[in-house]
file input10.cif (mmCIF, C-alpha atoms)
data_protein
#
loop_
_atom_site.label_atom_id
_atom_site.label_comp_id
_atom_site.auth_asym_id
_atom_site.auth_seq_id
_atom_site.Cartn_x
_atom_site.Cartn_y
_atom_site.Cartn_z
CA MET T 1 -15.55 7.07 -11.04
CA HIS T 2 -12.47 6.60 -13.08
CA GLU T 3 -13.84 5.49 -16.41
CA LEU T 4 -10.61 5.88 -18.36
CA ALA T 5 -8.71 3.41 -16.18
CA LEU T 6 -11.67 1.05 -16.30
CA THR T 7 -11.86 1.26 -20.07
CA GLU T 8 -8.15 0.52 -20.29
CA SER T 9 -8.68 -2.62 -18.17
CA LEU T 10 -11.69 -3.55 -20.28
CA VAL T 11 -9.77 -3.22 -23.55
CA ALA T 12 -6.79 -5.08 -22.07
CA ILE T 13 -9.07 -8.02 -21.24
CA VAL T 14 -10.64 -7.92 -24.71
CA VAL T 15 -7.25 -7.84 -26.45
CA GLU T 16 -5.91 -10.63 -24.24
CA GLU T 17 -8.94 -12.83 -24.93
CA SER T 18 -8.78 -12.07 -28.67
CA ARG T 19 -5.18 -13.16 -28.86
CA ARG T 20 -5.99 -16.41 -27.09
CA GLN T 21 -8.93 -17.16 -29.38
CA ASN T 22 -7.20 -16.18 -32.65
CA VAL T 23 -9.64 -13.41 -33.34
CA SER T 24 -9.03 -11.20 -36.37
CA GLN T 25 -11.46 -8.48 -35.42
CA VAL T 26 -13.72 -7.62 -32.51
CA LYS T 27 -17.09 -6.34 -33.70
CA VAL T 28 -19.16 -6.04 -30.55
CA VAL T 29 -18.31 -6.01 -26.85
CA VAL T 30 -21.15 -6.69 -24.42
CA LEU T 31 -20.82 -5.21 -20.96
CA GLU T 32 -22.99 -5.64 -17.89
CA ILE T 33 -23.22 -2.51 -15.81
CA GLY T 34 -25.21 -2.27 -12.60
CA ALA T 35 -27.91 0.39 -12.60
CA ILE T 36 -26.86 1.66 -9.19
CA GLY T 37 -23.15 0.99 -9.62
CA GLN T 38 -20.31 3.43 -9.68
CA VAL T 39 -19.88 3.65 -13.43
CA GLU T 40 -21.15 6.29 -15.78
CA PRO T 41 -22.03 4.37 -18.99
CA GLU T 42 -21.81 7.43 -21.26
CA SER T 43 -18.36 8.25 -20.01
CA LEU T 44 -17.31 4.64 -20.60
CA ARG T 45 -18.53 4.88 -24.20
CA PHE T 46 -16.61 8.09 -24.67
CA CYS T 47 -13.41 6.45 -23.44
CA PHE T 48 -14.05 3.21 -25.33
CA ASP T 49 -13.67 4.80 -28.76
CA ALA T 50 -10.43 6.47 -27.77
CA VAL T 51 -8.87 3.50 -25.98
CA THR T 52 -9.71 0.91 -28.67
CA ARG T 53 -8.03 2.96 -31.39
CA GLY T 54 -5.12 1.01 -32.85
CA THR T 55 -6.21 -2.25 -31.16
CA ILE T 56 -8.01 -5.30 -32.46
CA ALA T 57 -11.19 -3.78 -31.08
CA GLU T 58 -10.97 -0.55 -33.07
CA GLY T 59 -14.40 0.40 -34.39
CA ALA T 60 -16.16 -2.20 -32.24
CA ARG T 61 -19.61 -1.42 -30.94
CA LEU T 62 -20.09 -1.29 -27.19
CA ASP T 63 -23.35 -2.79 -25.99
CA ILE T 64 -24.24 -2.05 -22.42
CA VAL T 65 -26.68 -4.28 -20.56
CA THR T 66 -28.07 -2.64 -17.45
CA VAL T 67 -28.45 -4.89 -14.42
CA PRO T 68 -31.20 -3.64 -12.09
CA GLY T 69 -30.38 -2.98 -8.46
CA ALA T 70 -31.47 -5.35 -5.72
CA GLY T 71 -30.62 -5.92 -2.10
CA TRP T 72 -31.26 -8.22 0.84
CA CYS T 73 -33.33 -6.51 3.51
CA LEU T 74 -32.36 -7.83 6.94
CA ASP T 75 -35.59 -6.66 8.52
CA CYS T 76 -37.93 -8.09 5.87
CA GLY T 77 -35.72 -11.14 5.33
CA LYS T 78 -36.02 -11.06 1.56
CA THR T 79 -34.63 -9.60 -1.64
CA VAL T 80 -36.06 -6.21 -2.54
CA PRO T 81 -35.50 -3.95 -5.56
CA LEU T 82 -33.16 -1.01 -5.02
CA THR T 83 -33.23 2.15 -7.10
CA GLU T 84 -30.64 4.03 -5.09
CA ARG T 85 -27.22 3.04 -3.88
CA PHE T 86 -27.33 2.81 -0.07
CA GLY T 87 -31.06 3.39 -0.33
CA ALA T 88 -33.75 2.28 2.08
CA CYS T 89 -35.87 -0.85 1.73
CA PRO T 90 -38.92 0.07 -0.39
CA GLU T 91 -41.15 -2.07 1.83
CA CYS T 92 -40.13 -1.31 5.41
CA GLY T 93 -38.25 1.93 4.88
CA GLN T 94 -35.26 0.81 6.96
CA ARG T 95 -31.74 1.07 5.67
CA HIS T 96 -30.67 -2.39 6.72
CA VAL T 97 -30.25 -3.47 3.13
CA GLN T 98 -27.22 -5.25 1.76
CA MET T 99 -26.82 -4.60 -1.95
CA THR T 100 -26.77 -7.88 -3.89
CA ALA T 101 -27.15 -6.68 -7.48
CA GLY T 102 -26.75 -3.48 -9.42
CA ASP T 103 -23.04 -2.95 -8.83
CA GLU T 104 -21.86 -5.09 -11.77
CA LEU T 105 -19.04 -4.15 -14.06
CA ARG T 106 -18.43 -7.22 -16.17
CA ILE T 107 -17.56 -8.08 -19.71
CA ARG T 108 -20.14 -10.67 -20.63
CA GLU T 109 -19.09 -11.60 -24.15
CA MET T 110 -17.87 -10.29 -27.46
CA GLU T 111 -18.78 -10.88 -31.09
CA VAL T 112 -15.73 -11.53 -33.23
CA THR T 113 -14.63 -12.66 -36.67
CA MET J 1 -16.18 15.79 -18.08
CA CYS J 2 -12.97 15.85 -16.15
CA THR J 3 -10.34 16.46 -18.80
CA VAL J 4 -7.63 14.95 -16.65
CA CYS J 5 -9.00 11.56 -15.82
CA GLY J 6 -12.03 10.99 -17.98
CA CYS J 7 -14.47 10.77 -15.10
CA GLY J 8 -18.00 11.39 -16.21
CA THR J 9 -19.68 14.61 -15.27
CA ALA J 10 -23.38 14.21 -15.15
CA THR J 11 -24.79 17.65 -15.80
CA VAL J 12 -28.36 16.50 -15.60
CA GLU J 13 -29.55 13.85 -13.19
CA GLY J 14 -29.18 10.44 -14.70
CA LYS J 15 -27.52 11.56 -17.91
CA ALA J 16 -23.97 12.28 -18.93
CA GLY J 17 -23.24 15.71 -20.23
CA GLU J 18 -21.16 15.32 -23.32
CA ALA J 19 -22.76 12.42 -25.06
CA HIS J 20 -26.10 13.89 -25.96
CA ALA J 21 -26.68 17.15 -27.68
CA HIS J 22 -29.11 19.58 -26.16
CA ASP J 23 -31.22 20.82 -28.99
CA HIS J 24 -33.93 21.95 -26.62
CA SER J 25 -33.88 24.97 -24.44
CA HIS J 26 -34.16 24.84 -20.70
CA SER J 27 -36.53 27.22 -19.10
CA HIS J 28 -35.52 28.01 -15.59
CA GLY J 29 -38.61 28.88 -13.67
CA HIS J 30 -37.21 28.21 -10.26
CA ASP J 31 -35.15 30.36 -7.98
CA HIS J 32 -31.63 29.33 -7.19
CA ALA J 33 -30.48 30.29 -3.79
CA HIS J 34 -26.75 30.55 -4.20
CA SER J 35 -25.24 30.44 -0.79
CA PRO J 36 -21.73 31.91 -0.62
CA ASP J 37 -20.21 28.58 0.33
CA HIS J 38 -21.51 26.91 -2.79
CA PRO J 39 -18.65 24.50 -3.30
CA GLN J 40 -18.47 23.78 -7.01
CA PRO J 41 -18.88 25.28 -10.43
CA HIS J 42 -22.63 25.38 -10.72
CA GLU J 43 -24.07 23.34 -13.55
CA HIS J 44 -27.65 22.93 -12.43
CA HIS J 45 -27.19 19.45 -11.07
CA ASN J 46 -30.52 19.29 -9.38
CA LEU J 47 -32.89 20.59 -11.97
CA SER J 48 -35.45 17.88 -11.71
CA ARG J 49 -35.31 17.88 -7.96
CA ASP J 50 -36.18 21.55 -7.97
CA GLY J 51 -39.33 20.80 -9.83
CA HIS J 52 -37.93 21.79 -13.19
CA HIS J 53 -38.70 18.94 -15.50
CA HIS J 54 -36.03 17.82 -17.88
CA ASP J 55 -37.08 15.62 -20.74
CA HIS J 56 -34.28 13.14 -20.37
CA ALA J 57 -34.08 12.89 -16.65
CA ASP J 58 -36.62 10.16 -16.15
CA GLN J 59 -35.79 7.86 -19.01
CA SER J 60 -33.07 6.12 -17.20
CA ASN J 61 -31.80 3.33 -19.39
CA ASP J 62 -34.17 2.44 -22.12
CA HIS J 63 -32.12 4.01 -24.85
CA ALA J 64 -28.56 5.01 -25.50
CA HIS J 65 -27.40 8.34 -26.83
CA ARG J 66 -24.27 7.71 -28.78
CA GLY J 67 -21.82 10.41 -29.54
CA ASP J 68 -21.52 9.27 -33.13
CA GLN J 69 -25.00 8.17 -34.17
CA ALA J 70 -28.69 8.45 -33.60
CA ILE J 71 -30.55 7.36 -30.53
CA ASP J 72 -30.28 3.62 -30.34
CA PHE J 73 -33.14 1.74 -28.73
CA GLY J 74 -32.07 -1.63 -27.42
CA ALA J 75 -29.31 -2.30 -29.90
CA GLY J 76 -28.70 -5.62 -28.22
CA LEU J 77 -26.65 -8.39 -29.70
CA ALA J 78 -29.65 -10.70 -30.00
CA GLY J 79 -31.38 -8.27 -32.29
CA VAL J 80 -28.69 -8.08 -34.91
CA HIS J 81 -26.83 -11.32 -34.76
CA VAL J 82 -28.04 -14.34 -36.69
CA PRO J 83 -25.97 -17.37 -35.75
CA GLY J 84 -24.84 -19.56 -38.59
CA LEU J 85 -25.31 -16.98 -41.33
CA ASP J 86 -21.89 -15.46 -41.12
CA GLN J 87 -18.52 -16.35 -39.72
CA ASP J 88 -18.98 -14.22 -36.65
CA ARG J 89 -18.86 -15.97 -33.36
CA ILE J 90 -19.57 -15.05 -29.81
CA VAL J 91 -16.86 -15.37 -27.21
CA ARG J 92 -18.06 -15.64 -23.64
CA ILE J 93 -15.75 -13.76 -21.29
CA GLU J 94 -17.60 -13.21 -17.99
CA ARG J 95 -14.86 -11.27 -16.31
CA ASP J 96 -15.03 -8.36 -13.94
CA ILE J 97 -13.23 -5.34 -15.27
CA LEU J 98 -11.74 -4.74 -11.86
CA SER J 99 -10.50 -8.34 -11.63
CA LYS J 100 -6.96 -7.36 -12.62
CA ASN J 101 -6.74 -4.84 -9.82
CA ALA J 102 -8.31 -7.32 -7.42
CA ALA J 103 -5.62 -9.89 -8.23
CA PHE J 104 -2.82 -7.39 -7.58
CA ALA J 105 -4.54 -6.28 -4.36
CA ARG J 106 -4.75 -9.89 -3.15
CA ALA J 107 -1.03 -10.34 -3.77
CA ASN J 108 -0.22 -7.12 -1.89
CA ARG J 109 -2.42 -8.11 1.01
CA ALA J 110 -0.89 -11.57 1.30
CA ARG J 111 2.56 -10.04 1.30
CA LEU J 112 1.70 -7.40 3.92
CA VAL J 113 -0.15 -9.80 6.21
CA GLU J 114 2.70 -12.28 6.05
CA ARG J 115 5.09 -9.66 7.39
CA GLY J 116 2.62 -8.27 9.91
CA VAL J 117 2.49 -4.86 8.23
CA PHE J 118 -0.57 -2.92 9.38
CA THR J 119 -1.58 -0.85 6.37
CA LEU J 120 -3.89 2.15 6.27
CA ASN J 121 -5.08 3.62 2.98
CA LEU J 122 -5.86 7.29 3.64
CA VAL J 123 -8.43 8.78 1.32
CA SER J 124 -10.10 12.19 1.20
CA SER J 125 -10.74 15.17 -1.01
CA PRO J 126 -7.75 17.42 -1.69
CA GLY J 127 -7.03 19.78 1.17
CA SER J 128 -8.62 17.85 4.04
CA GLY J 129 -5.28 17.76 5.82
CA LYS J 130 -4.17 14.19 5.14
CA THR J 131 -0.48 15.01 4.90
CA SER J 132 -0.43 17.24 7.99
CA LEU J 133 -2.29 14.56 9.90
CA LEU J 134 0.17 11.98 8.71
CA VAL J 135 3.21 14.08 9.67
CA ARG J 136 1.84 14.60 13.17
CA THR J 137 0.89 10.92 13.54
CA ILE J 138 4.31 9.76 12.40
CA LEU J 139 6.10 12.06 14.84
CA ASP J 140 3.91 10.79 17.69
CA LEU J 141 4.02 7.08 16.80
CA LYS J 142 7.60 6.81 15.55
CA PRO J 143 8.96 5.80 18.96
CA ARG J 144 6.48 2.91 19.11
CA PHE J 145 6.47 1.42 15.59
CA PRO J 146 8.67 1.25 12.52
CA ILE J 147 6.77 3.32 9.93
CA THR J 148 6.91 3.60 6.13
CA VAL J 149 4.79 5.72 3.80
CA ILE J 150 3.63 5.58 0.19
CA GLU J 151 2.55 8.97 -1.12
CA GLY J 152 0.23 9.19 -4.12
CA ASP J 153 -0.15 12.40 -6.10
CA GLN J 154 -0.53 13.26 -9.75
CA GLN J 155 2.64 15.34 -9.78
CA THR J 156 5.53 16.43 -7.54
CA SER J 157 7.35 14.76 -4.67
CA ASN J 158 6.40 17.51 -2.21
CA ASP J 159 4.45 15.23 0.10
CA ALA J 160 7.08 12.51 0.23
CA GLU J 161 9.62 15.18 1.11
CA ARG J 162 7.40 16.43 3.94
CA ILE J 163 7.16 12.86 5.24
CA ARG J 164 10.90 12.18 4.89
CA ALA J 165 11.56 15.28 6.98
CA THR J 166 10.04 13.33 9.91
CA GLY J 167 12.77 10.73 9.49
CA VAL J 168 10.77 7.78 8.13
CA PRO J 169 11.20 6.25 4.66
CA ALA J 170 8.64 7.51 2.14
CA LEU J 171 8.15 6.79 -1.52
CA GLN J 172 6.30 9.08 -3.89
CA VAL J 173 4.14 7.51 -6.58
CA ASN J 174 3.13 9.96 -9.29
CA THR J 175 0.05 8.75 -11.06
CA GLY J 176 0.45 11.20 -13.95
CA LYS J 177 -2.96 11.41 -15.53
CA GLY J 178 -4.44 8.98 -13.02
CA CYS J 179 -6.68 10.15 -10.21
CA HIS J 180 -6.15 7.20 -7.85
CA LEU J 181 -3.53 4.69 -6.81
CA ASP J 182 -4.10 1.15 -8.02
CA ALA J 183 -2.88 -2.12 -6.58
CA HIS J 184 -0.29 -2.57 -9.30
CA MET J 185 1.40 0.77 -8.47
CA VAL J 186 1.38 -0.12 -4.79
CA GLY J 187 2.95 -3.51 -5.54
CA HIS J 188 5.85 -1.76 -7.23
CA ALA J 189 6.15 0.69 -4.36
CA LEU J 190 6.31 -2.23 -1.90
CA ASP J 191 9.22 -3.71 -3.90
CA THR J 192 11.18 -0.51 -3.42
CA LEU J 193 10.05 0.50 0.05
CA ASP J 194 10.17 -2.98 1.58
CA PRO J 195 8.28 -2.26 4.85
CA PRO J 196 9.88 -4.00 7.86
CA PRO J 197 8.02 -6.77 9.75
CA ALA J 198 5.51 -5.68 12.41
CA SER J 199 5.40 -2.11 11.17
CA LEU J 200 2.89 0.53 10.12
CA LEU J 201 2.47 1.41 6.46
CA PHE J 202 0.50 4.51 5.55
CA ILE J 203 -0.64 4.90 1.97
CA GLU J 204 -1.76 8.45 1.25
CA ASN J 205 -4.01 8.17 -1.76
CA VAL J 206 -4.54 10.85 -4.38
CA GLY J 207 -6.87 13.54 -3.04
CA ASN J 208 -10.14 12.44 -4.62
CA LEU J 209 -13.34 11.31 -2.94
CA VAL J 210 -14.58 9.27 -5.87
CA CYS J 211 -12.15 7.04 -7.76
CA PRO J 212 -9.98 5.62 -4.94
CA ALA J 213 -13.07 4.00 -3.39
CA ALA J 214 -13.21 1.37 -6.11
CA PHE J 215 -9.57 0.35 -6.08
CA ASP J 216 -8.52 -2.04 -3.36
CA LEU J 217 -4.79 -1.66 -2.73
CA GLY J 218 -4.40 -4.58 -0.35
CA GLU J 219 -4.61 -2.37 2.75
CA THR J 220 -5.84 -3.50 6.17
CA HIS J 221 -8.29 -0.58 6.44
CA LYS J 222 -9.38 2.44 4.47
CA VAL J 223 -9.47 5.61 6.54
CA VAL J 224 -11.46 8.50 5.14
CA VAL J 225 -10.48 11.99 6.27
CA LEU J 226 -13.08 14.75 6.18
CA SER J 227 -12.45 18.27 7.43
CA VAL J 228 -14.90 20.67 9.01
CA THR J 229 -14.23 23.24 6.30
CA GLU J 230 -16.06 20.93 3.89
CA GLY J 231 -19.79 20.23 3.83
CA GLU J 232 -21.37 17.96 6.42
CA ASP J 233 -23.34 16.29 3.62
CA LYS J 234 -20.24 14.99 1.85
CA PRO J 235 -20.87 11.43 3.06
CA LEU J 236 -24.20 11.58 1.22
CA LYS J 237 -22.73 13.24 -1.88
CA TYR J 238 -19.84 10.80 -2.17
CA PRO J 239 -21.25 7.72 -0.43
CA ASP J 240 -18.93 5.12 -1.95
CA MET J 241 -15.86 6.36 -0.16
CA PHE J 242 -17.60 6.44 3.21
CA ALA J 243 -19.10 3.02 2.59
CA ALA J 244 -15.67 1.59 1.74
CA ALA J 245 -13.93 3.04 4.81
CA ASP J 246 -13.68 1.49 8.28
CA LEU J 247 -12.70 4.68 10.07
CA MET J 248 -13.57 8.32 9.48
CA LEU J 249 -11.39 11.07 10.90
CA LEU J 250 -13.14 14.40 11.16
CA ASN J 251 -10.18 16.75 10.95
CA LYS J 252 -9.59 20.45 11.68
CA VAL J 253 -12.01 20.46 14.62
CA ASP J 254 -10.00 23.36 16.05
CA LEU J 255 -11.74 25.46 13.36
CA LEU J 256 -15.26 24.56 14.52
CA PRO J 257 -15.85 27.93 16.25
CA TYR J 258 -15.28 29.69 12.92
CA VAL J 259 -17.30 27.57 10.52
CA ASP J 260 -20.92 26.51 10.21
CA PHE J 261 -20.40 22.81 10.44
CA ASP J 262 -22.84 20.50 12.19
CA VAL J 263 -20.74 17.64 13.57
CA ALA J 264 -23.73 15.56 14.68
CA ALA J 265 -25.39 15.88 11.26
CA CYS J 266 -22.15 14.91 9.54
CA MET J 267 -21.81 11.81 11.69
CA ALA J 268 -25.43 10.86 11.10
CA ASN J 269 -24.89 11.22 7.34
CA ALA J 270 -21.78 9.07 7.45
CA LEU J 271 -23.55 6.37 9.47
CA THR J 272 -26.43 6.40 7.01
CA VAL J 273 -24.20 5.13 4.22
CA ASN J 274 -22.07 2.96 6.50
CA PRO J 275 -23.55 1.89 9.85
CA ARG J 276 -20.30 0.16 10.82
CA LEU J 277 -18.12 3.24 10.29
CA GLN J 278 -16.10 4.30 13.32
CA ILE J 279 -15.59 8.03 13.76
CA ARG J 280 -12.97 10.09 15.60
CA THR J 281 -12.80 13.88 15.70
CA VAL J 282 -9.26 15.19 15.50
CA SER J 283 -7.14 18.22 14.84
CA ALA J 284 -3.75 17.64 13.27
CA ARG J 285 -2.88 21.19 14.24
CA THR J 286 -3.64 21.14 17.96
CA GLY J 287 -3.39 17.40 18.50
CA GLU J 288 -6.93 17.22 19.85
CA GLY J 289 -8.43 13.74 19.57
CA LEU J 290 -5.29 12.17 18.18
CA GLN J 291 -4.79 9.91 21.20
CA ALA J 292 -8.07 8.21 20.34
CA PHE J 293 -6.86 7.71 16.76
CA TYR J 294 -3.57 6.24 18.00
CA ALA J 295 -5.45 3.93 20.34
CA TRP J 296 -7.51 2.73 17.36
CA ILE J 297 -4.31 2.10 15.39
CA GLU J 298 -2.66 0.21 18.23
CA ALA J 299 -5.68 -1.97 18.89
CA HIS J 300 -6.12 -2.87 15.22
CA ALA J 301 -2.43 -3.24 14.50
CA ALA J 302 -2.17 -5.66 17.43
CA ILE J 303 -4.65 -7.94 15.69
CA VAL J 304 -2.53 -8.03 12.52
CA VAL J 305 0.73 -8.57 14.36
CA ALA J 306 -0.79 -11.23 16.62
CA SER J 307 -2.21 -13.19 13.70
CA THR J 308 1.15 -13.05 11.94
CA ALA J 309 2.99 -14.21 15.05
CA LYS J 310 0.56 -17.11 15.39
CA ALA J 311 0.97 -18.08 11.73
CA GLY J 312 4.75 -17.73 11.91
#

call {"tool": "encode", "arguments": {"input": "input10.cif", "output": "structure tokens"}}
result
Amino acid sequence: MHELALTESLVAIVVEESRRQNVSQVKVVVLEIGAIGQVEPESLRFCFDAVTRGTIAEGARLDIVTVPGAGWCLDCGKTVPLTERFGACPECGQRHVQMTAGDELRIREMEVT
Amino acid sequence: MCTVCGCGTATVEGKAGEAHAHDHSHSHGHDHAHSPDHPQPHEHHNLSRDGHHHDHADQSNDHAHRGDQAIDFGAGLAGVHVPGLDQDRIVRIERDILSKNAAFARANRARLVERGVFTLNLVSSPGSGKTSLLVRTILDLKPRFPITVIEGDQQTSNDAERIRATGVPALQVNTGKGCHLDAHMVGHALDTLDPPPASLLFIENVGNLVCPAAFDLGETHKVVVLSVTEGEDKPLKYPDMFAAADLMLLNKVDLLPYVDFDVAACMANALTVNPRLQIRTVSARTGEGLQAFYAWIEAHAAIVVASTAKAG
């Protein structure tokens, strides 16, 4: 997926929040990324260094928290773990599974001074 | 990695290519059968699937390889931060990164629905025949609906010119380095184009089967175009786009006698990732199947126009 555009949105949100909270420097940004989502974490890191340059978040560390995949299986009527996007239910083998977790792309928090 | 847009290029399953250095050698004990229609530059994407074991492939997320430092096991905030000992503080944000785009998309959608503008976001890989399909569709539907078009491409106004030649207003959006249209760009385009009430708006997205899937533009439906000169397993290779779409057009079916393309297998693949996907086989060149596509447009556009008329 388009990690550069995502990183630009991420940094825009960080800068906006920093301004509102009178932050002098952002030290750590904590992201939640779904394990079976559409984002390549390494590519996001690569872009993060470039995009933060010259902003309040320059030099900040990017911590990525991986959210495991899960889905609601219609046939089993319960939540099951998913290791593959659009994958089958690990218990019944059917593909009637609605993904409920693992697609996250959220900024959870940041550590600032 | 894609030098244009920054998309990640995983060269080994589960790991990005550029961020970790390979100081180990790969031994390739398996045979690669390179079929002549092998579609992409070959970078051994499926090493571990072939039985070749790569050291990194199975350690999915328990450590991070940074470009600038050593391997970092669980460098979580909790491990390094001691509250109260320094002036650092934690700011909770809890915001989706795509929330900005989502807000613009909501605004676009409200605006389009209010005017009864039935909007299709056409997505596909480059070269599937989106523009030719659009030109043919416009010529056939022009007597029945007012039509406007937003054309997305990285460079040039060639496509908008092709559309304008049909006599309908078209606006080119050049994304520059971007590989998709976003809702903000489309909002600006709507300001300029100003689609008339009870009309059809076609948005031809940048030719790219990956990025446009994640960016809602405010359209009524996404329509994914796949051509029979591509692989029938594309829905499995790029599932997000097929999952996000409501209609798939299988284009260039006039070429079926000349290519090895299994239509039934392609449809089965598409329905695997999206059981609700509707599929029509068409040829923009011969016109085959297009009546079914037009019927789909008319039926779905009627819903939008009717709901607007009721609200108005």

call {"tool": "interface_residues", "arguments": {"input": "input10.cif", "of": "chain T", "to": "chain J", "cutoff": "9 Å", "atoms": "all atoms listed in the file", "output": "ChimeraX atom specification"}}
result
/T:1-7,9-10,13-14,17-18,21,27-28,30,35,38-47,63-66,85-87,95-96,104-113

call {"tool": "axis_aligned_box", "arguments": {"input": "input10.cif", "around": "region 39-48 of chain T", "padding_each_side": "4 Å", "output": "AutoDock Vina command-line options"}}
result
--center_x -17.7 --center_y 5.7 --center_z -19.4 --size_x 16.6 --size_y 13.0 --size_z 19.9

call {"tool": "atom_distance", "arguments": {"input": "input10.cif", "atom1": "CA of Arg115 (chain J)", "atom2": "CA of Val224 (chain J)"}}
result
24.7 Å

call {"tool": "resolve_selection", "arguments": {"input": "input10.cif", "expression": "the PyMOL selection byres ((chain T and resi 90-94) around 8)", "output": "number ranges by chain"}}
result
T: 75-76, 80-82, 88-89, 95-97

call {"tool": "closest_residue", "arguments": {"input": "input10.cif", "among": "T:Ala60, T:Met99, T:Val23, T:Ala50", "to": "Cys73 (chain T)", "atoms": "all atoms listed in the file"}}
result
T:Met99

call {"tool": "resolve_selection", "arguments": {"input": "input10.cif", "expression": "the PyMOL selection byres ((chain T and resi 59) around 10)", "output": "PDB file with C-alpha atoms, in the frame of the given file"}}
result
ATOM      1  CA  GLN T  25     -11.460  -8.480 -35.420  1.00  0.00           C
ATOM      2  CA  VAL T  26     -13.720  -7.620 -32.510  1.00  0.00           C
ATOM      3  CA  LYS T  27     -17.090  -6.340 -33.700  1.00  0.00           C
ATOM      4  CA  VAL T  28     -19.160  -6.040 -30.550  1.00  0.00           C
ATOM      5  CA  PHE T  48     -14.050   3.210 -25.330  1.00  0.00           C
ATOM      6  CA  ASP T  49     -13.670   4.800 -28.760  1.00  0.00           C
ATOM      7  CA  ALA T  50     -10.430   6.470 -27.770  1.00  0.00           C
ATOM      8  CA  THR T  52      -9.710   0.910 -28.670  1.00  0.00           C
ATOM      9  CA  ARG T  53      -8.030   2.960 -31.390  1.00  0.00           C
ATOM     10  CA  GLY T  54      -5.120   1.010 -32.850  1.00  0.00           C
ATOM     11  CA  THR T  55      -6.210  -2.250 -31.160  1.00  0.00           C
ATOM     12  CA  ILE T  56      -8.010  -5.300 -32.460  1.00  0.00           C
ATOM     13  CA  ALA T  57     -11.190  -3.780 -31.080  1.00  0.00           C
ATOM     14  CA  GLU T  58     -10.970  -0.550 -33.070  1.00  0.00           C
ATOM     15  CA  ALA T  60     -16.160  -2.200 -32.240  1.00  0.00           C
ATOM     16  CA  ARG T  61     -19.610  -1.420 -30.940  1.00  0.00           C
ATOM     17  CA  LEU T  62     -20.090  -1.290 -27.190  1.00  0.00           C
TER      18      LEU T  62
END

call {"tool": "atom_distance", "arguments": {"input": "input10.cif", "atom1": "CA of Val29 (chain T)", "atom2": "CA of Ala103 (chain J)"}}
result
22.9 Å

call {"tool": "atom_distance", "arguments": {"input": "input10.cif", "atom1": "CA of Val223 (chain J)", "atom2": "CA of Thr83 (chain T)"}}
result
27.6 Å

call {"tool": "closest_residue", "arguments": {"input": "input10.cif", "among": "J:Phe202, J:Pro197, J:Leu190, J:Gln155", "to": "Val168 (chain J)", "atoms": "all atoms listed in the file"}}
result
J:Phe202

call {"tool": "closest_residue", "arguments": {"input": "input10.cif", "among": "J:Met248, J:Leu201, J:Val263, J:Ile150", "to": "Leu112 (chain J)", "atoms": "all atoms listed in the file"}}
result
J:Leu201

call {"tool": "closest_residue", "arguments": {"input": "input10.cif", "among": "J:Ile203, J:Leu247, J:Leu139, J:Glu232", "to": "Glu219 (chain J)", "atoms": "all atoms listed in the file"}}
result
J:Ile203

call {"tool": "decode", "arguments": {"input": "input10.cif", "residues": "region 39-46 of chain T", "atoms": "N, CA, C and O atoms", "output": "PDB file, in the first residue's frame"}}
result
ATOM      1  N   VAL T  39      -0.645  -2.642   5.585  1.00  0.00           N
ATOM      2  CA  VAL T  39       0.523  -1.783   5.713  1.00  0.00           C
ATOM      3  C   VAL T  39       1.784  -2.598   5.934  1.00  0.00           C
ATOM      4  O   VAL T  39       1.791  -3.568   6.678  1.00  0.00           O
ATOM      5  N   GLU T  40       2.826  -2.172   5.286  1.00  0.00           N
ATOM      6  CA  GLU T  40       4.128  -2.801   5.433  1.00  0.00           C
ATOM      7  C   GLU T  40       4.909  -2.004   6.475  1.00  0.00           C
ATOM      8  O   GLU T  40       5.351  -0.888   6.200  1.00  0.00           O
ATOM      9  N   PRO T  41       5.074  -2.527   7.704  1.00  0.00           N
ATOM     10  CA  PRO T  41       5.685  -1.729   8.770  1.00  0.00           C
ATOM     11  C   PRO T  41       7.084  -1.224   8.412  1.00  0.00           C
ATOM     12  O   PRO T  41       7.431  -0.081   8.718  1.00  0.00           O
ATOM     13  N   GLU T  42       7.880  -2.045   7.745  1.00  0.00           N
ATOM     14  CA  GLU T  42       9.255  -1.623   7.438  1.00  0.00           C
ATOM     15  C   GLU T  42       9.264  -0.434   6.479  1.00  0.00           C
ATOM     16  O   GLU T  42      10.106   0.448   6.575  1.00  0.00           O
ATOM     17  N   SER T  43       8.327  -0.452   5.564  1.00  0.00           N
ATOM     18  CA  SER T  43       8.250   0.647   4.610  1.00  0.00           C
ATOM     19  C   SER T  43       7.805   1.925   5.320  1.00  0.00           C
ATOM     20  O   SER T  43       8.264   3.024   5.003  1.00  0.00           O
ATOM     21  N   LEU T  44       6.921   1.765   6.303  1.00  0.00           N
ATOM     22  CA  LEU T  44       6.458   2.903   7.086  1.00  0.00           C
ATOM     23  C   LEU T  44       7.623   3.517   7.872  1.00  0.00           C
ATOM     24  O   LEU T  44       7.776   4.736   7.941  1.00  0.00           O
ATOM     25  N   ARG T  45       8.463   2.677   8.440  1.00  0.00           N
ATOM     26  CA  ARG T  45       9.642   3.161   9.160  1.00  0.00           C
ATOM     27  C   ARG T  45      10.566   3.942   8.233  1.00  0.00           C
ATOM     28  O   ARG T  45      11.095   4.981   8.583  1.00  0.00           O
ATOM     29  N   PHE T  46      10.744   3.375   7.058  1.00  0.00           N
ATOM     30  CA  PHE T  46      11.617   4.003   6.063  1.00  0.00           C
ATOM     31  C   PHE T  46      11.109   5.414   5.742  1.00  0.00           C
ATOM     32  O   PHE T  46      11.873   6.374   5.714  1.00  0.00           O
TER      33      PHE T  46
END
